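Content type PDB, C-alpha atoms, pLDDT in the B column, from the file run-v6.pdb:
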```pdb
ATOM      1  CA  MET N 158      -4.852  27.965  37.032  1.00 69.00           C
ATOM      2  CA  THR N 159      -4.876  31.311  35.219  1.00 77.00           C
ATOM      3  CA  ASP N 160      -3.333  34.322  36.908  1.00 94.00           C
ATOM      4  CA  TYR N 161      -5.821  36.800  35.490  1.00 96.00           C
ATOM      5  CA  LEU N 162      -4.058  40.112  36.090  1.00 97.00           C
ATOM      6  CA  PRO N 163      -0.978  39.300  33.954  1.00 96.00           C
ATOM      7  CA  ALA N 164      -3.220  37.400  31.509  1.00 96.00           C
ATOM      8  CA  VAL N 165      -5.429  40.412  30.817  1.00 96.00           C
ATOM      9  CA  MET N 166      -2.429  42.753  30.679  1.00 96.00           C
ATOM     10  CA  ALA N 167      -0.832  40.441  28.102  1.00 95.00           C
ATOM     11  CA  MET N 168      -3.933  41.015  25.955  1.00 95.00           C
ATOM     12  CA  LEU N 169      -3.765  44.785  26.406  1.00 96.00           C
ATOM     13  CA  GLY N 170      -0.032  45.235  25.935  1.00 95.00           C
ATOM     14  CA  PRO N 171       2.586  47.014  28.051  1.00 95.00           C
ATOM     15  CA  ALA N 172       1.334  49.172  30.916  1.00 95.00           C
ATOM     16  CA  GLN N 173       1.445  52.851  30.054  1.00 93.00           C
ATOM     17  CA  ASN N 174       0.904  54.269  33.553  1.00 95.00           C
ATOM     18  CA  ARG N 175       0.268  57.728  32.066  1.00 94.00           C
ATOM     19  CA  PHE N 176      -1.472  59.038  35.195  1.00 95.00           C
ATOM     20  CA  ALA N 177      -0.345  56.589  37.896  1.00 94.00           C
ATOM     21  CA  ASP N 178      -0.358  58.469  41.194  1.00 95.00           C
ATOM     22  CA  PRO N 179      -0.557  56.648  44.560  1.00 96.00           C
ATOM     23  CA  ALA N 180      -1.654  59.896  46.256  1.00 97.00           C
ATOM     24  CA  ALA N 181      -4.709  60.087  43.972  1.00 97.00           C
ATOM     25  CA  TRP N 182      -5.774  56.613  45.103  1.00 98.00           C
ATOM     26  CA  ASP N 183      -5.195  57.566  48.748  1.00 97.00           C
ATOM     27  CA  ARG N 184      -7.431  60.631  48.326  1.00 97.00           C
ATOM     28  CA  LEU N 185     -10.101  58.595  46.545  1.00 97.00           C
ATOM     29  CA  HIS N 186     -10.112  55.858  49.184  1.00 96.00           C
ATOM     30  CA  ALA N 187     -10.314  58.430  51.972  1.00 96.00           C
ATOM     31  CA  ASP N 188     -13.185  60.151  50.166  1.00 95.00           C
ATOM     32  CA  LEU N 189     -15.114  56.938  49.489  1.00 94.00           C
ATOM     33  CA  GLY N 190     -14.362  55.250  52.815  1.00 93.00           C
ATOM     34  CA  ILE N 191     -13.493  51.951  51.090  1.00 93.00           C
ATOM     35  CA  GLN N 192     -10.463  50.410  49.393  1.00 93.00           C
ATOM     36  CA  LEU N 193     -10.854  49.505  45.741  1.00 95.00           C
ATOM     37  CA  PRO N 194      -9.298  46.137  44.837  1.00 95.00           C
ATOM     38  CA  PRO N 195      -5.560  46.042  44.053  1.00 95.00           C
ATOM     39  CA  ASP N 196      -5.984  44.343  40.653  1.00 96.00           C
ATOM     40  CA  TYR N 197      -8.523  46.985  39.628  1.00 97.00           C
ATOM     41  CA  ARG N 198      -6.121  49.755  40.663  1.00 97.00           C
ATOM     42  CA  VAL N 199      -3.263  48.184  38.677  1.00 97.00           C
ATOM     43  CA  LEU N 200      -5.399  47.979  35.525  1.00 98.00           C
ATOM     44  CA  VAL N 201      -6.730  51.521  35.909  1.00 98.00           C
ATOM     45  CA  ASP N 202      -3.237  52.906  36.495  1.00 97.00           C
ATOM     46  CA  ALA N 203      -1.847  50.924  33.568  1.00 97.00           C
ATOM     47  CA  TYR N 204      -4.349  52.029  30.917  1.00 97.00           C
ATOM     48  CA  ALA N 205      -7.072  54.481  32.027  1.00 96.00           C
ATOM     49  CA  PRO N 206      -8.796  56.691  31.046  1.00 97.00           C
ATOM     50  CA  ILE N 207      -9.606  54.315  28.202  1.00 97.00           C
ATOM     51  CA  GLN N 208     -12.313  52.658  26.169  1.00 96.00           C
ATOM     52  CA  LEU N 209     -11.794  48.937  25.499  1.00 96.00           C
ATOM     53  CA  ASN N 210     -13.178  47.163  22.430  1.00 92.00           C
ATOM     54  CA  GLY N 211     -15.442  50.086  21.638  1.00 89.00           C
ATOM     55  CA  HIS N 212     -17.680  49.651  24.706  1.00 93.00           C
ATOM     56  CA  LEU N 213     -16.076  49.382  28.162  1.00 96.00           C
ATOM     57  CA  TYR N 214     -14.920  52.559  29.930  1.00 97.00           C
ATOM     58  CA  LEU N 215     -12.325  52.759  32.688  1.00 98.00           C
ATOM     59  CA  ASN N 216     -11.739  56.117  34.383  1.00 98.00           C
ATOM     60  CA  HIS N 217      -8.795  57.270  36.503  1.00 98.00           C
ATOM     61  CA  PRO N 218      -8.667  59.013  39.913  1.00 98.00           C
ATOM     62  CA  ALA N 219      -5.803  61.367  38.986  1.00 97.00           C
ATOM     63  CA  THR N 220      -7.345  63.019  35.910  1.00 96.00           C
ATOM     64  CA  GLU N 221      -9.672  65.995  35.728  1.00 94.00           C
ATOM     65  CA  GLU N 222     -11.531  64.607  32.725  1.00 94.00           C
ATOM     66  CA  TRP N 223     -12.918  61.059  33.062  1.00 96.00           C
ATOM     67  CA  ASN N 224     -12.265  61.230  36.797  1.00 97.00           C
ATOM     68  CA  LEU N 225     -12.986  57.965  38.579  1.00 97.00           C
ATOM     69  CA  GLY N 226     -14.071  59.580  41.844  1.00 97.00           C
ATOM     70  CA  GLN N 227     -16.537  61.887  40.079  1.00 97.00           C
ATOM     71  CA  GLU N 228     -17.866  58.981  38.010  1.00 97.00           C
ATOM     72  CA  ILE N 229     -18.388  56.797  41.083  1.00 97.00           C
ATOM     73  CA  ARG N 230     -20.134  59.612  42.977  1.00 97.00           C
ATOM     74  CA  SER N 231     -22.430  60.508  40.061  1.00 97.00           C
ATOM     75  CA  GLY N 232     -23.238  56.821  39.589  1.00 96.00           C
ATOM     76  CA  ILE N 233     -24.049  56.451  43.277  1.00 96.00           C
ATOM     77  CA  GLN N 234     -26.354  59.462  43.110  1.00 97.00           C
ATOM     78  CA  ALA N 235     -28.163  58.260  39.988  1.00 95.00           C
ATOM     79  CA  TRP N 236     -28.646  54.702  41.228  1.00 94.00           C
ATOM     80  CA  SER N 237     -29.702  55.893  44.699  1.00 94.00           C
ATOM     81  CA  GLU N 238     -32.549  57.877  43.124  1.00 93.00           C
ATOM     82  CA  VAL N 239     -34.140  54.772  41.597  1.00 89.00           C
ATOM     83  CA  PRO N 240     -37.407  54.062  43.514  1.00 88.00           C
ATOM     84  CA  TRP N 241     -36.767  50.316  43.871  1.00 83.00           C
ATOM     85  CA  ASP N 242     -39.796  49.615  46.062  1.00 82.00           C
ATOM     86  CA  GLU N 243     -42.128  51.260  43.542  1.00 85.00           C
ATOM     87  CA  LEU N 244     -40.873  49.421  40.465  1.00 82.00           C
ATOM     88  CA  ASP N 245     -42.934  46.229  40.906  1.00 83.00           C
ATOM     89  CA  LEU N 246     -39.950  44.117  39.857  1.00 82.00           C
ATOM     90  CA  ASP N 247     -40.191  40.423  39.121  1.00 81.00           C
ATOM     91  CA  ALA N 248     -37.978  38.197  41.261  1.00 77.00           C
ATOM     92  CA  ASP N 249     -35.511  37.802  38.371  1.00 76.00           C
ATOM     93  CA  GLU N 250     -35.222  41.591  38.000  1.00 81.00           C
ATOM     94  CA  ASP N 251     -34.762  42.519  41.668  1.00 84.00           C
ATOM     95  CA  PRO N 252     -31.110  42.360  42.733  1.00 86.00           C
ATOM     96  CA  ARG N 253     -32.188  42.137  46.382  1.00 84.00           C
ATOM     97  CA  GLN N 254     -33.991  38.858  45.768  1.00 84.00           C
ATOM     98  CA  LEU N 255     -31.495  37.570  43.219  1.00 83.00           C
ATOM     99  CA  PHE N 256     -28.424  37.976  45.389  1.00 83.00           C
ATOM    100  CA  GLY N 257     -29.756  37.903  48.949  1.00 80.00           C
ATOM    101  CA  LEU N 258     -29.152  41.567  49.691  1.00 79.00           C
ATOM    102  CA  ALA N 259     -30.876  42.793  52.844  1.00 75.00           C
ATOM    103  CA  GLU N 260     -31.166  46.211  51.256  1.00 79.00           C
ATOM    104  CA  LEU N 261     -30.153  47.850  48.028  1.00 86.00           C
ATOM    105  CA  SER N 262     -27.880  50.780  48.700  1.00 90.00           C
ATOM    106  CA  PHE N 263     -25.194  52.502  46.692  1.00 94.00           C
ATOM    107  CA  GLY N 264     -21.993  54.000  48.019  1.00 94.00           C
ATOM    108  CA  THR N 265     -22.432  52.577  51.525  1.00 90.00           C
ATOM    109  CA  ARG N 266     -20.136  50.186  53.364  1.00 86.00           C
ATOM    110  CA  ASN N 267     -22.447  47.249  52.551  1.00 84.00           C
ATOM    111  CA  GLY N 268     -23.687  48.665  49.263  1.00 89.00           C
ATOM    112  CA  LEU N 269     -22.828  48.633  45.596  1.00 93.00           C
ATOM    113  CA  TRP N 270     -20.071  50.766  44.078  1.00 96.00           C
ATOM    114  CA  PRO N 271     -20.162  51.546  40.322  1.00 97.00           C
ATOM    115  CA  ILE N 272     -16.568  51.057  39.137  1.00 98.00           C
ATOM    116  CA  ALA N 273     -16.913  50.675  35.345  1.00 97.00           C
ATOM    117  CA  SER N 274     -19.531  51.068  32.625  1.00 96.00           C
ATOM    118  CA  THR N 275     -20.163  50.577  28.936  1.00 94.00           C
ATOM    119  CA  ASP N 276     -21.834  52.554  26.192  1.00 93.00           C
ATOM    120  CA  ARG N 277     -24.411  49.741  26.019  1.00 92.00           C
ATOM    121  CA  GLY N 278     -25.896  50.746  29.379  1.00 92.00           C
ATOM    122  CA  GLU N 279     -24.051  48.185  31.490  1.00 94.00           C
ATOM    123  CA  THR N 280     -22.764  49.118  34.940  1.00 96.00           C
ATOM    124  CA  ILE N 281     -20.227  47.004  36.803  1.00 97.00           C
ATOM    125  CA  PHE N 282     -20.573  47.238  40.580  1.00 96.00           C
ATOM    126  CA  LEU N 283     -18.182  46.190  43.315  1.00 95.00           C
ATOM    127  CA  ILE N 284     -19.583  44.829  46.557  1.00 91.00           C
ATOM    128  CA  ALA N 285     -16.892  46.127  48.876  1.00 84.00           C
ATOM    129  CA  ALA N 286     -18.264  44.579  52.074  1.00 78.00           C
ATOM    130  CA  THR N 287     -17.147  41.043  51.210  1.00 76.00           C
ATOM    131  CA  SER N 288     -13.614  39.769  51.753  1.00 78.00           C
ATOM    132  CA  ALA N 289     -13.796  37.601  48.617  1.00 83.00           C
ATOM    133  CA  PRO N 290     -14.135  39.458  45.301  1.00 86.00           C
ATOM    134  CA  ARG N 291     -17.756  39.946  44.256  1.00 90.00           C
ATOM    135  CA  LEU N 292     -19.124  41.940  41.322  1.00 94.00           C
ATOM    136  CA  LEU N 293     -22.683  42.636  40.206  1.00 93.00           C
ATOM    137  CA  VAL N 294     -23.494  43.829  36.705  1.00 94.00           C
ATOM    138  CA  SER N 295     -26.681  45.605  35.633  1.00 92.00           C
ATOM    139  CA  TYR N 296     -27.739  45.386  32.000  1.00 89.00           C
ATOM    140  CA  ASP N 297     -31.125  46.063  30.392  1.00 80.00           C
ATOM    141  CA  GLU N 298     -33.187  45.268  33.523  1.00 79.00           C
ATOM    142  CA  THR N 299     -31.182  42.116  34.204  1.00 86.00           C
ATOM    143  CA  TRP N 300     -28.479  41.469  36.765  1.00 90.00           C
ATOM    144  CA  ALA N 301     -25.504  39.114  36.800  1.00 91.00           C
ATOM    145  CA  GLU N 302     -23.310  38.147  39.745  1.00 92.00           C
ATOM    146  CA  HIS N 303     -19.667  37.161  39.547  1.00 94.00           C
ATOM    147  CA  HIS N 304     -17.610  35.824  42.448  1.00 93.00           C
ATOM    148  CA  MET N 305     -14.296  36.790  40.908  1.00 95.00           C
ATOM    149  CA  SER N 306     -11.728  39.557  40.767  1.00 96.00           C
ATOM    150  CA  PHE N 307     -12.110  42.476  38.387  1.00 97.00           C
ATOM    151  CA  ALA N 308      -9.096  41.193  36.420  1.00 97.00           C
ATOM    152  CA  GLU N 309     -10.802  37.825  35.892  1.00 97.00           C
ATOM    153  CA  TRP N 310     -14.067  39.541  34.960  1.00 97.00           C
ATOM    154  CA  LEU N 311     -12.276  41.764  32.416  1.00 97.00           C
ATOM    155  CA  TYR N 312     -10.343  38.827  30.966  1.00 96.00           C
ATOM    156  CA  ARG N 313     -13.547  36.837  30.479  1.00 95.00           C
ATOM    157  CA  TYR N 314     -15.335  39.901  29.069  1.00 95.00           C
ATOM    158  CA  LEU N 315     -12.601  40.439  26.486  1.00 95.00           C
ATOM    159  CA  ILE N 316     -12.551  36.795  25.354  1.00 94.00           C
ATOM    160  CA  GLY N 317     -16.282  36.960  24.669  1.00 93.00           C
ATOM    161  CA  GLU N 318     -18.018  35.363  27.638  1.00 94.00           C
ATOM    162  CA  ASP N 319     -21.454  36.606  28.767  1.00 93.00           C
ATOM    163  CA  MET N 320     -20.188  38.773  31.621  1.00 93.00           C
ATOM    164  CA  THR N 321     -23.063  41.259  31.855  1.00 88.00           C
ATOM    165  CA  GLY N 322     -26.004  38.873  31.527  1.00 84.00           C
ATOM    166  CA  PRO N 323     -27.408  36.222  29.195  1.00 84.00           C
ATOM    167  CA  ASN N 324     -26.428  36.716  25.548  1.00 85.00           C
ATOM    168  CA  SER N 325     -24.484  39.865  26.429  1.00 87.00           C
ATOM    169  CA  ALA N 326     -21.075  38.980  24.974  1.00 87.00           C
ATOM    170  CA  ALA N 327     -19.296  41.776  23.121  1.00 82.00           C
ATOM    171  CA  PHE N 328     -16.592  39.667  21.480  1.00 84.00           C
ATOM    172  CA  TYR N 329     -14.379  40.976  18.724  1.00 85.00           C
ATOM    173  CA  PRO N 330     -11.823  38.541  17.294  1.00 87.00           C
ATOM    174  CA  GLY N 331      -8.260  39.667  16.905  1.00 90.00           C
ATOM    175  CA  PRO N 332      -6.340  42.055  19.147  1.00 95.00           C
ATOM    176  CA  VAL N 333      -8.184  44.150  21.712  1.00 95.00           C
ATOM    177  CA  GLN N 334      -8.999  47.641  20.422  1.00 94.00           C
ATOM    178  CA  MET N 335      -8.132  50.473  22.793  1.00 94.00           C
ATOM    179  CA  GLN N 336      -8.705  54.193  22.646  1.00 94.00           C
ATOM    180  CA  HIS N 337      -7.584  56.848  25.107  1.00 95.00           C
ATOM    181  CA  LEU N 338     -10.449  59.068  26.223  1.00 91.00           C
ATOM    182  CA  PRO N 339     -10.082  62.711  25.159  1.00 89.00           C
ATOM    183  CA  MET N 340      -8.613  64.962  27.811  1.00 86.00           C
ATOM    184  CA  SER N 341      -9.793  68.179  26.109  1.00 86.00           C
ATOM    185  CA  ALA N 342     -12.613  69.235  23.789  1.00 83.00           C
ATOM    186  CA  ASP N 343     -10.377  69.358  20.710  1.00 86.00           C
ATOM    187  CA  GLU N 344      -8.501  66.101  21.321  1.00 86.00           C
ATOM    188  CA  ARG N 345      -9.402  63.183  19.023  1.00 88.00           C
ATOM    189  CA  PRO N 346      -7.471  60.117  20.177  1.00 86.00           C
ATOM    190  CA  GLU N 347      -6.901  57.424  17.570  1.00 89.00           C
ATOM    191  CA  PRO N 348      -7.624  53.806  18.453  1.00 90.00           C
ATOM    192  CA  TRP N 349      -4.800  51.264  18.596  1.00 90.00           C
ATOM    193  CA  TYR N 350      -4.620  47.541  19.151  1.00 91.00           C
ATOM    194  CA  GLY N 351      -3.058  45.231  21.690  1.00 91.00           C
ATOM    195  CA  PRO N 352      -0.856  42.266  20.814  1.00 91.00           C
ATOM    196  CA  ASP N 353      -2.118  39.402  18.679  1.00 90.00           C
ATOM    197  CA  ARG N 354      -3.941  36.930  20.909  1.00 85.00           C
ATOM    198  CA  GLY N 355      -4.635  34.145  18.455  1.00 77.00           C
ATOM    199  CA  MET N 356      -8.396  34.662  18.478  1.00 71.00           C
TER     200      MET N 356
END
```

This structure in structure tokens:
Amino acid sequence: MTDYLPAVMAMLGPAQNRFADPAAWDRLHADLGIQLPPDYRVLVDAYAPIQLNGHLYLNHPATEEWNLGQEIRSGIQAWSEVPWDELDLDADEDPRQLFGLAELSFGTRNGLWPIASTDRGETIFLIAATSAPRLLVSYDETWAEHHMSFAEWLYRYLIGEDMTGPNSAAFYPGPVQMQHLPMSADERPEPWYGPDRGM
């Protein structure tokens, strides 16, 4: 059985831990009122703020730019303003009906927490209320559910599985492309690549 955290880190290369700061996670968890999963925190500390394979963004709680706490809060606000009851959604478009959610809330103890996103309009949500890992992904009016850790989700995303909905794969053969996110207006980070992965 695959141990997904070391497997995905093997694809990304050695951890850089540029902004790793346990106190920043403590402040974020106190602010949010939930604990983000340990594997997610390891990956964020190891590489974020970063863009992976040209699409997926991971932010960090210890940075001023690309701040994870600010991104989660702005995502919660934006998603909370969607008038779900007025949208006249089909059953296959309504996450409440698709996944048996009593209500659709964002940033609440039983709600959805936006923890990552892509430049293709995909949002990856954590359901923090469950003891077993559970992620929901929104993409182009469709939703996908994954009963797996974030590390497993990221591993499968990077090897080209449909992890944000049907026909949604963003697979690029060869090493994973990474690019630090700019920390100032005049910074232009260059992309680099992870180790060869035989793909």

Inset, instruction - Would you write out, as a PyMOL selection string, every residue that the PyMOL selection byres ((chain N and resi 304) around 12) captures in this file? - result: chain N and resi 256+282-284+287-294+301-303+305-310+320

Once the PyMOL selection byres ((chain N and resi 204) around 8) has been evaluated on this model, what residues remain selected, and can you format them as a JSON list (two decimals) with C-alpha atoms, in the coordinates of the input?
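selection-v3.json was written with the following content:
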```json
[["chain", "number", "residue", "atom", "x", "y", "z"],
["N", 172, "ALA", "CA", 1.33, 49.17, 30.92],
["N", 173, "GLN", "CA", 1.44, 52.85, 30.05],
["N", 174, "ASN", "CA", 0.90, 54.27, 33.55],
["N", 175, "ARG", "CA", 0.27, 57.73, 32.07],
["N", 200, "LEU", "CA", -5.40, 47.98, 35.52],
["N", 201, "VAL", "CA", -6.73, 51.52, 35.91],
["N", 202, "ASP", "CA", -3.24, 52.91, 36.49],
["N", 203, "ALA", "CA", -1.85, 50.92, 33.57],
["N", 205, "ALA", "CA", -7.07, 54.48, 32.03],
["N", 206, "PRO", "CA", -8.80, 56.69, 31.05],
["N", 207, "ILE", "CA", -9.61, 54.32, 28.20]]
```

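The residue set within 12 Å of Arg253 in chain N, counting all atoms listed in the file and dropping same-chain residues fewer than 5 places from it, reads Trp241, Asp242, Leu246, Asp247, Ala248, Leu258, Ala259, Glu260, Leu261, Ser262, Gly268, Leu269, Leu293, Trp300 and Glu302 of chain N.
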
Export of the given selection (C-alpha atoms) as a PDB file, in the frame of the given file:
```
ATOM      1  CA  TRP N 241     -36.767  50.316  43.871  1.00 83.00           C
ATOM      2  CA  ASP N 242     -39.796  49.615  46.062  1.00 82.00           C
ATOM      3  CA  LEU N 246     -39.950  44.117  39.857  1.00 82.00           C
ATOM      4  CA  ASP N 247     -40.191  40.423  39.121  1.00 81.00           C
ATOM      5  CA  ALA N 248     -37.978  38.197  41.261  1.00 77.00           C
ATOM      6  CA  LEU N 258     -29.152  41.567  49.691  1.00 79.00           C
ATOM      7  CA  ALA N 259     -30.876  42.793  52.844  1.00 75.00           C
ATOM      8  CA  GLU N 260     -31.166  46.211  51.256  1.00 79.00           C
ATOM      9  CA  LEU N 261     -30.153  47.850  48.028  1.00 86.00           C
ATOM     10  CA  SER N 262     -27.880  50.780  48.700  1.00 90.00           C
ATOM     11  CA  GLY N 268     -23.687  48.665  49.263  1.00 89.00           C
ATOM     12  CA  LEU N 269     -22.828  48.633  45.596  1.00 93.00           C
ATOM     13  CA  LEU N 293     -22.683  42.636  40.206  1.00 93.00           C
ATOM     14  CA  TRP N 300     -28.479  41.469  36.765  1.00 90.00           C
ATOM     15  CA  GLU N 302     -23.310  38.147  39.745  1.00 92.00           C
TER      16      GLU N 302
END
```

Legend entry - Coordinates-based distance that separates CA of Phe176 in chain N from CA of Thr220 in chain N (Å, one decimal):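 Distance between the two atoms: 7.1 Å.
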
Inset, instruction - Have a look at N:Thr280, N:Gln336, N:Ser325, N:Gln192 and name the one nearest to Ile233 in chain N; count all atoms listed in the file. - result: N:Thr280

Legend entry - Best match for closeness to Val165 in chain N among N:Ala219, N:Leu209, N:Leu185, N:Leu338, counting all atoms listed in the file: N:Leu209

Inset, instruction - Quote the spacing between CA of Ile272 in chain N and CA of Pro339 in chain N in Å to one decimal place. - result: 19.3 Å

Legend entry - Pick from N:Phe328, N:Tyr161, N:Trp236, N:Tyr296 nearest to Ser274 in chain N, counting all atoms listed in the file: N:Tyr296

Inset, instruction - Please indicate the distance in Å from CA of Ala181 in chain N to CA of Pro218 in chain N, rounded to one decimal place. - result: 5.8 Å

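Across N:Arg277, N:Arg266, N:His217, N:Arg184, the tightest approach to Thr321 in chain N is made by N:Arg277 when counting all atoms listed in the file.
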
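Distances from N:Phe263, N:Tyr214, N:Trp182, N:Tyr197 to Met335 in chain N were compared using only C-alpha atoms, and the smallest one belongs to N:Tyr214.
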
To test the calculation: enclose all listed atoms of range 190-207 of chain N in a box whose edges run along x, y and z, add 4 Å on each side, then state centre and edge lengths in Å to one decimal, as AutoDock Vina command-line options.
```
--center_x -8.1 --center_y 50.5 --center_z 40.5 --size_x 20.5 --size_y 20.3 --size_z 32.6
```
